[in-house]
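Content type compact mmCIF, N, CA and C atoms, from the file input_1.txt:
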# COMPACT_ATOMS: atom_id res chain seq x y z
N ALA A 1 72.59 -50.39 -78.39
CA ALA A 1 71.61 -50.41 -79.45
C ALA A 1 70.97 -49.02 -79.60
N HIS A 2 70.73 -48.36 -78.47
CA HIS A 2 70.11 -47.04 -78.53
C HIS A 2 71.02 -46.04 -79.27
N HIS A 3 72.31 -46.07 -78.98
CA HIS A 3 73.24 -45.15 -79.65
C HIS A 3 73.29 -45.43 -81.15
N LEU A 4 73.32 -46.70 -81.54
CA LEU A 4 73.34 -47.05 -82.96
C LEU A 4 72.08 -46.56 -83.66
N LEU A 5 70.94 -46.77 -83.05
CA LEU A 5 69.68 -46.31 -83.63
C LEU A 5 69.66 -44.79 -83.75
N SER A 6 70.15 -44.10 -82.74
CA SER A 6 70.17 -42.63 -82.77
C SER A 6 71.09 -42.11 -83.87
N ILE A 7 72.25 -42.74 -84.05
CA ILE A 7 73.18 -42.33 -85.11
C ILE A 7 72.54 -42.55 -86.47
N ALA A 8 71.93 -43.71 -86.67
CA ALA A 8 71.27 -44.01 -87.94
C ALA A 8 70.14 -43.02 -88.21
N ALA A 9 69.33 -42.74 -87.20
CA ALA A 9 68.20 -41.82 -87.36
C ALA A 9 68.69 -40.42 -87.71
N GLU A 10 69.75 -39.96 -87.08
CA GLU A 10 70.28 -38.63 -87.37
C GLU A 10 70.85 -38.57 -88.78
N ALA A 11 71.55 -39.62 -89.21
CA ALA A 11 72.08 -39.65 -90.57
C ALA A 11 70.95 -39.61 -91.60
N LEU A 12 69.88 -40.35 -91.35
CA LEU A 12 68.74 -40.34 -92.26
C LEU A 12 68.05 -38.97 -92.27
N GLU A 13 67.89 -38.38 -91.11
CA GLU A 13 67.26 -37.06 -91.02
C GLU A 13 68.11 -36.00 -91.72
N ASN A 14 69.44 -36.08 -91.58
CA ASN A 14 70.32 -35.13 -92.27
C ASN A 14 70.20 -35.27 -93.78
N ALA A 15 70.10 -36.51 -94.27
CA ALA A 15 69.94 -36.72 -95.71
C ALA A 15 68.63 -36.10 -96.20
N ARG A 16 67.59 -36.21 -95.40
CA ARG A 16 66.30 -35.65 -95.77
C ARG A 16 66.30 -34.13 -95.67
N ARG A 17 66.74 -33.64 -94.54
CA ARG A 17 66.61 -32.21 -94.26
C ARG A 17 67.64 -31.35 -94.97
N HIS A 18 68.88 -31.78 -94.99
CA HIS A 18 69.96 -30.93 -95.50
C HIS A 18 70.40 -31.29 -96.92
N ALA A 19 70.44 -32.58 -97.23
CA ALA A 19 70.92 -32.99 -98.56
C ALA A 19 69.81 -32.99 -99.60
N HIS A 20 68.57 -33.02 -99.14
CA HIS A 20 67.44 -33.12 -100.07
C HIS A 20 67.65 -34.28 -101.04
N ALA A 21 68.11 -35.39 -100.49
CA ALA A 21 68.43 -36.56 -101.29
C ALA A 21 67.16 -37.20 -101.85
N THR A 22 67.29 -37.78 -103.02
CA THR A 22 66.18 -38.54 -103.60
C THR A 22 66.34 -40.03 -103.32
N ARG A 23 67.54 -40.43 -102.96
CA ARG A 23 67.80 -41.83 -102.64
C ARG A 23 68.75 -41.90 -101.45
N VAL A 24 68.37 -42.69 -100.46
CA VAL A 24 69.19 -42.91 -99.27
C VAL A 24 69.25 -44.41 -99.04
N THR A 25 70.44 -44.91 -98.76
CA THR A 25 70.61 -46.33 -98.50
C THR A 25 71.25 -46.51 -97.13
N LEU A 26 70.66 -47.37 -96.32
CA LEU A 26 71.21 -47.72 -95.02
C LEU A 26 71.57 -49.20 -95.07
N THR A 27 72.80 -49.52 -94.72
CA THR A 27 73.21 -50.92 -94.65
C THR A 27 73.86 -51.18 -93.30
N ALA A 28 73.64 -52.36 -92.80
CA ALA A 28 74.27 -52.82 -91.57
C ALA A 28 74.82 -54.21 -91.86
N ALA A 29 76.00 -54.47 -91.37
CA ALA A 29 76.63 -55.76 -91.59
C ALA A 29 77.51 -56.10 -90.39
N THR A 30 77.75 -57.37 -90.21
CA THR A 30 78.65 -57.81 -89.15
C THR A 30 79.67 -58.79 -89.71
N THR A 31 80.80 -58.80 -89.05
CA THR A 31 81.82 -59.82 -89.23
C THR A 31 82.02 -60.39 -87.84
N PRO A 32 82.86 -61.39 -87.67
CA PRO A 32 83.10 -61.88 -86.31
C PRO A 32 83.66 -60.82 -85.36
N THR A 33 84.26 -59.76 -85.92
CA THR A 33 84.91 -58.77 -85.05
C THR A 33 84.29 -57.38 -85.05
N HIS A 34 83.46 -57.06 -86.05
CA HIS A 34 82.95 -55.69 -86.17
C HIS A 34 81.51 -55.65 -86.67
N LEU A 35 80.84 -54.58 -86.29
CA LEU A 35 79.54 -54.23 -86.87
C LEU A 35 79.77 -52.94 -87.65
N THR A 36 79.25 -52.88 -88.87
CA THR A 36 79.34 -51.64 -89.63
C THR A 36 77.94 -51.15 -89.96
N LEU A 37 77.79 -49.85 -89.94
CA LEU A 37 76.55 -49.18 -90.29
C LEU A 37 76.93 -48.09 -91.29
N THR A 38 76.28 -48.09 -92.45
CA THR A 38 76.60 -47.12 -93.49
C THR A 38 75.31 -46.50 -94.01
N VAL A 39 75.30 -45.17 -94.10
CA VAL A 39 74.19 -44.44 -94.70
C VAL A 39 74.77 -43.61 -95.83
N THR A 40 74.27 -43.81 -97.04
CA THR A 40 74.71 -43.02 -98.19
C THR A 40 73.50 -42.32 -98.79
N ASP A 41 73.76 -41.14 -99.37
CA ASP A 41 72.68 -40.41 -100.04
C ASP A 41 73.19 -39.87 -101.37
N ASP A 42 72.27 -39.40 -102.19
CA ASP A 42 72.63 -38.86 -103.50
C ASP A 42 72.44 -37.34 -103.55
N GLY A 43 72.55 -36.71 -102.41
CA GLY A 43 72.44 -35.25 -102.35
C GLY A 43 73.68 -34.58 -102.92
N PRO A 44 73.81 -33.28 -102.74
CA PRO A 44 74.94 -32.55 -103.31
C PRO A 44 76.28 -32.81 -102.62
N GLY A 45 76.26 -33.48 -101.50
CA GLY A 45 77.51 -33.74 -100.77
C GLY A 45 77.81 -32.66 -99.77
N LEU A 46 78.84 -32.89 -99.00
CA LEU A 46 79.24 -31.94 -97.97
C LEU A 46 79.96 -30.76 -98.60
N PRO A 47 79.93 -29.62 -97.93
CA PRO A 47 80.65 -28.46 -98.47
C PRO A 47 82.16 -28.71 -98.45
N PRO A 48 82.92 -27.97 -99.26
CA PRO A 48 84.38 -28.11 -99.21
C PRO A 48 84.88 -27.94 -97.79
N GLY A 49 85.80 -28.77 -97.39
CA GLY A 49 86.32 -28.70 -96.02
C GLY A 49 85.61 -29.64 -95.07
N GLY A 50 84.59 -30.34 -95.54
CA GLY A 50 83.91 -31.33 -94.71
C GLY A 50 82.67 -30.80 -94.04
N PRO A 51 82.16 -31.58 -93.07
CA PRO A 51 80.91 -31.20 -92.40
C PRO A 51 81.05 -29.85 -91.70
N PRO A 52 79.96 -29.08 -91.68
CA PRO A 52 80.02 -27.78 -90.99
C PRO A 52 80.21 -27.97 -89.49
N SER A 53 80.86 -26.99 -88.89
CA SER A 53 81.02 -27.04 -87.44
C SER A 53 79.67 -26.78 -86.79
N THR A 54 79.60 -27.05 -85.51
CA THR A 54 78.34 -26.90 -84.79
C THR A 54 77.90 -25.43 -84.79
N ARG A 55 76.70 -25.21 -85.27
CA ARG A 55 76.10 -23.88 -85.23
C ARG A 55 75.04 -23.89 -84.14
N ARG A 56 74.70 -22.73 -83.69
CA ARG A 56 73.69 -22.61 -82.64
C ARG A 56 72.43 -23.38 -83.03
N GLY A 57 72.04 -24.30 -82.17
CA GLY A 57 70.83 -25.06 -82.40
C GLY A 57 71.01 -26.26 -83.32
N HIS A 58 72.22 -26.49 -83.83
CA HIS A 58 72.47 -27.60 -84.74
C HIS A 58 73.53 -28.51 -84.13
N TYR A 59 73.08 -29.58 -83.49
CA TYR A 59 74.01 -30.44 -82.77
C TYR A 59 73.96 -31.89 -83.24
N GLY A 60 73.37 -32.14 -84.41
CA GLY A 60 73.21 -33.51 -84.88
C GLY A 60 74.52 -34.23 -85.11
N LEU A 61 75.46 -33.59 -85.83
CA LEU A 61 76.74 -34.23 -86.09
C LEU A 61 77.54 -34.39 -84.80
N LEU A 62 77.49 -33.39 -83.95
CA LEU A 62 78.17 -33.48 -82.67
C LEU A 62 77.61 -34.65 -81.87
N GLY A 63 76.30 -34.79 -81.83
CA GLY A 63 75.68 -35.90 -81.11
C GLY A 63 76.07 -37.25 -81.69
N MET A 64 76.14 -37.34 -83.02
CA MET A 64 76.57 -38.58 -83.66
C MET A 64 78.00 -38.93 -83.24
N ARG A 65 78.86 -37.93 -83.25
CA ARG A 65 80.26 -38.17 -82.87
C ARG A 65 80.37 -38.58 -81.39
N GLU A 66 79.61 -37.91 -80.54
CA GLU A 66 79.66 -38.25 -79.11
C GLU A 66 79.14 -39.66 -78.85
N ARG A 67 78.07 -40.04 -79.52
CA ARG A 67 77.53 -41.39 -79.35
C ARG A 67 78.51 -42.44 -79.86
N ALA A 68 79.12 -42.19 -81.00
CA ALA A 68 80.11 -43.13 -81.54
C ALA A 68 81.28 -43.28 -80.57
N ALA A 69 81.75 -42.16 -80.03
CA ALA A 69 82.86 -42.21 -79.08
C ALA A 69 82.47 -43.00 -77.83
N ALA A 70 81.25 -42.82 -77.36
CA ALA A 70 80.79 -43.54 -76.17
C ALA A 70 80.77 -45.05 -76.40
N LEU A 71 80.55 -45.45 -77.65
CA LEU A 71 80.54 -46.87 -78.00
C LEU A 71 81.93 -47.42 -78.28
N GLY A 72 82.91 -46.53 -78.47
CA GLY A 72 84.22 -46.96 -78.91
C GLY A 72 84.25 -47.25 -80.40
N ALA A 73 83.35 -46.60 -81.15
CA ALA A 73 83.23 -46.82 -82.59
C ALA A 73 83.97 -45.73 -83.36
N ASP A 74 84.32 -46.05 -84.59
CA ASP A 74 84.93 -45.11 -85.51
C ASP A 74 83.82 -44.57 -86.42
N LEU A 75 83.63 -43.26 -86.46
CA LEU A 75 82.60 -42.63 -87.28
C LEU A 75 83.27 -41.73 -88.30
N ARG A 76 82.95 -41.96 -89.57
CA ARG A 76 83.52 -41.15 -90.64
C ARG A 76 82.41 -40.59 -91.51
N LEU A 77 82.52 -39.30 -91.80
CA LEU A 77 81.57 -38.62 -92.66
C LEU A 77 82.34 -38.03 -93.83
N GLY A 78 81.84 -38.21 -95.02
CA GLY A 78 82.53 -37.66 -96.16
C GLY A 78 81.84 -38.00 -97.46
N PRO A 79 82.56 -37.80 -98.56
CA PRO A 79 81.98 -38.12 -99.86
C PRO A 79 81.84 -39.63 -100.04
N ARG A 80 81.00 -40.01 -100.96
CA ARG A 80 80.85 -41.42 -101.27
C ARG A 80 82.16 -41.93 -101.86
N PRO A 81 82.62 -43.10 -101.43
CA PRO A 81 83.92 -43.59 -101.90
C PRO A 81 83.95 -43.97 -103.38
N ASP A 82 82.79 -44.17 -103.99
CA ASP A 82 82.77 -44.52 -105.41
C ASP A 82 82.85 -43.29 -106.32
N GLY A 83 82.94 -42.10 -105.71
CA GLY A 83 83.09 -40.88 -106.49
C GLY A 83 81.80 -40.29 -107.01
N THR A 84 80.67 -40.97 -106.77
CA THR A 84 79.40 -40.42 -107.22
C THR A 84 78.93 -39.33 -106.26
N ARG A 85 77.99 -38.55 -106.71
CA ARG A 85 77.45 -37.45 -105.92
C ARG A 85 76.83 -37.97 -104.63
N GLY A 86 77.05 -37.26 -103.54
CA GLY A 86 76.41 -37.62 -102.29
C GLY A 86 77.37 -37.69 -101.12
N THR A 87 76.83 -38.14 -100.00
CA THR A 87 77.56 -38.22 -98.75
C THR A 87 77.45 -39.63 -98.19
N ARG A 88 78.48 -40.02 -97.45
CA ARG A 88 78.46 -41.31 -96.76
C ARG A 88 78.78 -41.08 -95.29
N VAL A 89 77.98 -41.71 -94.44
CA VAL A 89 78.24 -41.79 -93.00
C VAL A 89 78.56 -43.25 -92.74
N HIS A 90 79.75 -43.52 -92.19
CA HIS A 90 80.20 -44.90 -92.01
C HIS A 90 80.68 -45.09 -90.57
N LEU A 91 80.06 -46.01 -89.87
CA LEU A 91 80.41 -46.31 -88.48
C LEU A 91 80.93 -47.75 -88.41
N THR A 92 82.04 -47.93 -87.73
CA THR A 92 82.60 -49.25 -87.49
C THR A 92 82.73 -49.44 -85.99
N LEU A 93 82.07 -50.47 -85.49
CA LEU A 93 82.04 -50.77 -84.06
C LEU A 93 82.69 -52.11 -83.79
N PRO A 94 83.80 -52.14 -83.02
CA PRO A 94 84.37 -53.43 -82.62
C PRO A 94 83.38 -54.16 -81.73
N LEU A 95 83.23 -55.44 -81.95
CA LEU A 95 82.33 -56.25 -81.13
C LEU A 95 83.06 -56.77 -79.90
N GLU A 96 82.32 -56.92 -78.81
CA GLU A 96 82.92 -57.43 -77.58
C GLU A 96 83.54 -58.79 -77.82
N GLY A 97 84.70 -58.99 -77.20
CA GLY A 97 85.37 -60.27 -77.31
C GLY A 97 86.18 -60.43 -78.57
N SER A 98 86.15 -59.40 -79.46
CA SER A 98 86.95 -59.51 -80.68
C SER A 98 88.39 -59.14 -80.38
N PRO A 99 89.31 -59.74 -81.11
CA PRO A 99 90.74 -59.45 -80.85
C PRO A 99 91.13 -58.03 -81.15
Let's see the structure in the file written out as structure tokens.
Amino acid sequence: AHHLLSIAAEALENARRHAHATRVTLTAATTPTHLTLTVTDDGPGLPPGGPPSTRRGHYGLLGMRERAAALGADLRLGPRPDGTRGTRVHLTLPLEGSP
């Protein structure tokens, strides 16, 4: 739960600090086999080539990736799939006992 909260908080902070988004949406959902967490914003989107690599003093994306890996979750960052302006952070976590 702590890792999920930290990933969500970092995604929200990135939307505020870097994207200067006017609208951010966080959704969480479960199925019998997975939990998904999605944060979308209406900022300018990521630069060409995807998220920037880690710069000195900037470890938010790295931390999100490390936390997702520790959970065994799939974390994807990129443009919104509907083609509108903005960025989407999407995490998929297999639930224990799922096939």
Interatomic distance (Å, one decimal) between CA of His3 in chain A and CA of Pro48 in chain A: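 Result for CA of His3 in chain A versus CA of Pro48 in chain A: 28.2 Å, one decimal.
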Shell of 10 Å around Gly78 in chain A, only C-alpha atoms, local chain residues under 3 positions omitted, as a list in words: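 That gives Thr40, Gly45, Leu46, Pro47, Gly49, Gly50, Pro51, Pro81, Gly86, Thr87, Arg88, Val89 and His90 of chain A.
Reported to one decimal place, the separation of atom N of Leu93 in chain A from atom N of Asp74 in chain A is 5.0 Å.
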Spatial sel., origin (81.7, -38.7, -85.6), limit 5 Å, only N, CA and C atoms, listed as a list in words: Met64, Arg65 and Leu75 of chain A
Nearby residues, (69.3, -41.8, -95.7) file frame, 6 Å, only C-alpha atoms, as a list in words: Leu12, Ala15, Val24, Thr25, Val39 and Asp41 of chain A
Secondary structure check, strand (DSSP E or B) residues of chain A, as a PyMOL selection string: chain A and resi 24-30+34-41+55+58+74-79+87-94
Atomic separation - CA of Leu95 in chain A relative to atom C of Glu66 in chain A, Å: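 Separating atom C of Glu66 in chain A from CA of Leu95 in chain A is a distance of 17.0 Å.
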Helix (DSSP H, G or I) call set, DSSP backbone run, chain A, as number ranges by chain: A: 2-17, 60-71
Minimum-distance residue to Glu96 in chain A, chosen among A:Leu77, A:Pro32, A:Arg23, A:Asp82 (using only C-alpha atoms):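 Between A:Leu77, A:Pro32, A:Arg23, A:Asp82, the residue approaching Glu96 in chain A most closely is A:Pro32.
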Neighbouring residues of Gly72 in chain A were defined as those with any atom within 6 Å, considering all atoms listed in the file; residues of the same chain fewer than 3 positions away were excluded. Please report them as a PDB file with N, CA and C atoms, in the coordinates of the input.
ATOM      1  N   ALA A  68      79.120 -42.190 -81.000  1.00  0.00           N
ATOM      2  CA  ALA A  68      80.110 -43.130 -81.540  1.00  0.00           C
ATOM      3  C   ALA A  68      81.280 -43.280 -80.570  1.00  0.00           C
ATOM      4  N   ALA A  69      81.750 -42.160 -80.030  1.00  0.00           N
ATOM      5  CA  ALA A  69      82.860 -42.210 -79.080  1.00  0.00           C
ATOM      6  C   ALA A  69      82.470 -43.000 -77.830  1.00  0.00           C
ATOM      7  N   LEU A  93      82.070 -50.470 -85.490  1.00  0.00           N
ATOM      8  CA  LEU A  93      82.040 -50.770 -84.060  1.00  0.00           C
ATOM      9  C   LEU A  93      82.690 -52.110 -83.790  1.00  0.00           C
ATOM     10  N   PRO A  94      83.800 -52.140 -83.020  1.00  0.00           N
ATOM     11  CA  PRO A  94      84.370 -53.430 -82.620  1.00  0.00           C
ATOM     12  C   PRO A  94      83.380 -54.160 -81.730  1.00  0.00           C
TER      13      PRO A  94
END
Top pick for closest residue to Gly97 in chain A, considering A:Thr33, A:Ala19, A:Arg67, A:Ala11 and counting all atoms listed in the file: A:Thr33
Option closest in space to Leu71 in chain A, from A:Leu26, A:Leu4, A:Leu37, A:Ala21 [counting only C-alpha atoms]: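 Between A:Leu26, A:Leu4, A:Leu37, A:Ala21, the residue approaching Leu71 in chain A most closely is A:Leu4.
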From A:Thr38, A:Thr92, A:Thr27, A:Asn14, residue lying nearest Ala73 in chain A [all atoms listed in the file]: A:Thr92
For range 76-83 of chain A, what centre and edge lengths in Å (one decimal) does the axis-aligned box get once 3 Å is added on each side of all its listed atoms, as JSON?
{"center_x": 82.4, "center_y": -41.1, "center_z": -98.3, "size_x": 9.1, "size_y": 12.9, "size_z": 23.4}
Shortest interatomic distance to Ala8 in chain A - which of A:Thr31, A:Arg80, A:Leu61, A:Asp42, counting only C-alpha atoms: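 Ranked by minimum distance to Ala8 in chain A, first place goes to A:Leu61.
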Please complete range 16-27 of chain A with all heavy atoms and give it back as a PDB file, in the frame of the given file.
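This went into out-v1.pdb:
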ATOM      1  N   ARG A  16      67.590 -36.210 -95.400  1.00  0.00           N
ATOM      2  CA  ARG A  16      66.300 -35.650 -95.770  1.00  0.00           C
ATOM      3  C   ARG A  16      66.300 -34.130 -95.670  1.00  0.00           C
ATOM      4  O   ARG A  16      65.945 -33.425 -96.612  1.00  0.00           O
ATOM      5  CB  ARG A  16      65.185 -36.210 -94.878  1.00  0.00           C
ATOM      6  CG  ARG A  16      63.794 -35.693 -95.255  1.00  0.00           C
ATOM      7  CD  ARG A  16      62.753 -36.000 -94.204  1.00  0.00           C
ATOM      8  NE  ARG A  16      62.924 -35.219 -92.989  1.00  0.00           N
ATOM      9  CZ  ARG A  16      62.526 -33.958 -92.817  1.00  0.00           C
ATOM     10  NH1 ARG A  16      61.956 -33.304 -93.798  1.00  0.00           N
ATOM     11  NH2 ARG A  16      62.703 -33.347 -91.665  1.00  0.00           N
ATOM     12  N   ARG A  17      66.740 -33.640 -94.540  1.00  0.00           N
ATOM     13  CA  ARG A  17      66.610 -32.210 -94.260  1.00  0.00           C
ATOM     14  C   ARG A  17      67.640 -31.350 -94.970  1.00  0.00           C
ATOM     15  O   ARG A  17      67.314 -30.292 -95.496  1.00  0.00           O
ATOM     16  CB  ARG A  17      66.727 -31.968 -92.756  1.00  0.00           C
ATOM     17  CG  ARG A  17      66.544 -30.501 -92.379  1.00  0.00           C
ATOM     18  CD  ARG A  17      66.731 -30.221 -90.922  1.00  0.00           C
ATOM     19  NE  ARG A  17      65.893 -31.084 -90.117  1.00  0.00           N
ATOM     20  CZ  ARG A  17      66.092 -31.301 -88.831  1.00  0.00           C
ATOM     21  NH1 ARG A  17      67.106 -30.741 -88.211  1.00  0.00           N
ATOM     22  NH2 ARG A  17      65.295 -32.095 -88.148  1.00  0.00           N
ATOM     23  N   HIS A  18      68.880 -31.780 -94.990  1.00  0.00           N
ATOM     24  CA  HIS A  18      69.960 -30.930 -95.500  1.00  0.00           C
ATOM     25  C   HIS A  18      70.400 -31.290 -96.920  1.00  0.00           C
ATOM     26  O   HIS A  18      70.703 -30.407 -97.701  1.00  0.00           O
ATOM     27  CB  HIS A  18      71.164 -30.975 -94.564  1.00  0.00           C
ATOM     28  CG  HIS A  18      70.832 -30.560 -93.169  1.00  0.00           C
ATOM     29  ND1 HIS A  18      70.401 -29.290 -92.845  1.00  0.00           N
ATOM     30  CD2 HIS A  18      70.841 -31.250 -92.007  1.00  0.00           C
ATOM     31  CE1 HIS A  18      70.166 -29.219 -91.544  1.00  0.00           C
ATOM     32  NE2 HIS A  18      70.427 -30.397 -91.012  1.00  0.00           N
ATOM     33  N   ALA A  19      70.440 -32.580 -97.230  1.00  0.00           N
ATOM     34  CA  ALA A  19      70.920 -32.990 -98.560  1.00  0.00           C
ATOM     35  C   ALA A  19      69.810 -32.990 -99.600  1.00  0.00           C
ATOM     36  O   ALA A  19      70.092 -32.977-100.788  1.00  0.00           O
ATOM     37  CB  ALA A  19      71.557 -34.369 -98.478  1.00  0.00           C
ATOM     38  N   HIS A  20      68.570 -33.020 -99.140  1.00  0.00           N
ATOM     39  CA  HIS A  20      67.440 -33.120-100.070  1.00  0.00           C
ATOM     40  C   HIS A  20      67.650 -34.280-101.040  1.00  0.00           C
ATOM     41  O   HIS A  20      67.417 -34.156-102.239  1.00  0.00           O
ATOM     42  CB  HIS A  20      67.215 -31.803-100.814  1.00  0.00           C
ATOM     43  CG  HIS A  20      67.082 -30.629 -99.894  1.00  0.00           C
ATOM     44  ND1 HIS A  20      65.975 -30.430 -99.105  1.00  0.00           N
ATOM     45  CD2 HIS A  20      67.934 -29.618 -99.607  1.00  0.00           C
ATOM     46  CE1 HIS A  20      66.131 -29.335 -98.385  1.00  0.00           C
ATOM     47  NE2 HIS A  20      67.318 -28.824 -98.660  1.00  0.00           N
ATOM     48  N   ALA A  21      68.110 -35.390-100.490  1.00  0.00           N
ATOM     49  CA  ALA A  21      68.430 -36.560-101.290  1.00  0.00           C
ATOM     50  C   ALA A  21      67.160 -37.200-101.850  1.00  0.00           C
ATOM     51  O   ALA A  21      66.103 -37.146-101.235  1.00  0.00           O
ATOM     52  CB  ALA A  21      69.187 -37.581-100.439  1.00  0.00           C
ATOM     53  N   THR A  22      67.290 -37.780-103.020  1.00  0.00           N
ATOM     54  CA  THR A  22      66.180 -38.540-103.600  1.00  0.00           C
ATOM     55  C   THR A  22      66.340 -40.030-103.320  1.00  0.00           C
ATOM     56  O   THR A  22      65.379 -40.777-103.451  1.00  0.00           O
ATOM     57  CB  THR A  22      66.088 -38.318-105.118  1.00  0.00           C
ATOM     58  OG1 THR A  22      67.316 -38.720-105.729  1.00  0.00           O
ATOM     59  CG2 THR A  22      65.804 -36.861-105.436  1.00  0.00           C
ATOM     60  N   ARG A  23      67.540 -40.430-102.960  1.00  0.00           N
ATOM     61  CA  ARG A  23      67.800 -41.830-102.640  1.00  0.00           C
ATOM     62  C   ARG A  23      68.750 -41.900-101.450  1.00  0.00           C
ATOM     63  O   ARG A  23      69.791 -41.248-101.448  1.00  0.00           O
ATOM     64  CB  ARG A  23      68.408 -42.562-103.824  1.00  0.00           C
ATOM     65  CG  ARG A  23      68.913 -43.964-103.433  1.00  0.00           C
ATOM     66  CD  ARG A  23      69.092 -44.802-104.614  1.00  0.00           C
ATOM     67  NE  ARG A  23      67.729 -45.295-104.789  1.00  0.00           N
ATOM     68  CZ  ARG A  23      67.328 -46.095-105.737  1.00  0.00           C
ATOM     69  NH1 ARG A  23      68.119 -46.501-106.620  1.00  0.00           N
ATOM     70  NH2 ARG A  23      66.095 -46.503-105.806  1.00  0.00           N
ATOM     71  N   VAL A  24      68.370 -42.690-100.460  1.00  0.00           N
ATOM     72  CA  VAL A  24      69.190 -42.910 -99.270  1.00  0.00           C
ATOM     73  C   VAL A  24      69.250 -44.410 -99.040  1.00  0.00           C
ATOM     74  O   VAL A  24      68.222 -45.096 -99.122  1.00  0.00           O
ATOM     75  CB  VAL A  24      68.601 -42.205 -98.024  1.00  0.00           C
ATOM     76  CG1 VAL A  24      69.455 -42.472 -96.802  1.00  0.00           C
ATOM     77  CG2 VAL A  24      68.452 -40.714 -98.265  1.00  0.00           C
ATOM     78  N   THR A  25      70.440 -44.910 -98.760  1.00  0.00           N
ATOM     79  CA  THR A  25      70.610 -46.330 -98.500  1.00  0.00           C
ATOM     80  C   THR A  25      71.250 -46.510 -97.130  1.00  0.00           C
ATOM     81  O   THR A  25      72.249 -45.854 -96.819  1.00  0.00           O
ATOM     82  CB  THR A  25      71.530 -46.983 -99.560  1.00  0.00           C
ATOM     83  OG1 THR A  25      70.976 -46.743-100.843  1.00  0.00           O
ATOM     84  CG2 THR A  25      71.664 -48.471 -99.336  1.00  0.00           C
ATOM     85  N   LEU A  26      70.660 -47.370 -96.320  1.00  0.00           N
ATOM     86  CA  LEU A  26      71.210 -47.720 -95.020  1.00  0.00           C
ATOM     87  C   LEU A  26      71.570 -49.200 -95.070  1.00  0.00           C
ATOM     88  O   LEU A  26      70.725 -50.024 -95.436  1.00  0.00           O
ATOM     89  CB  LEU A  26      70.196 -47.461 -93.910  1.00  0.00           C
ATOM     90  CG  LEU A  26      70.708 -47.709 -92.497  1.00  0.00           C
ATOM     91  CD1 LEU A  26      70.075 -46.720 -91.543  1.00  0.00           C
ATOM     92  CD2 LEU A  26      70.453 -49.116 -92.036  1.00  0.00           C
ATOM     93  N   THR A  27      72.800 -49.520 -94.720  1.00  0.00           N
ATOM     94  CA  THR A  27      73.210 -50.920 -94.650  1.00  0.00           C
ATOM     95  C   THR A  27      73.860 -51.180 -93.300  1.00  0.00           C
ATOM     96  O   THR A  27      74.526 -50.309 -92.749  1.00  0.00           O
ATOM     97  CB  THR A  27      74.198 -51.316 -95.777  1.00  0.00           C
ATOM     98  OG1 THR A  27      75.348 -50.478 -95.684  1.00  0.00           O
ATOM     99  CG2 THR A  27      73.583 -51.187 -97.138  1.00  0.00           C
TER     100      THR A  27
END
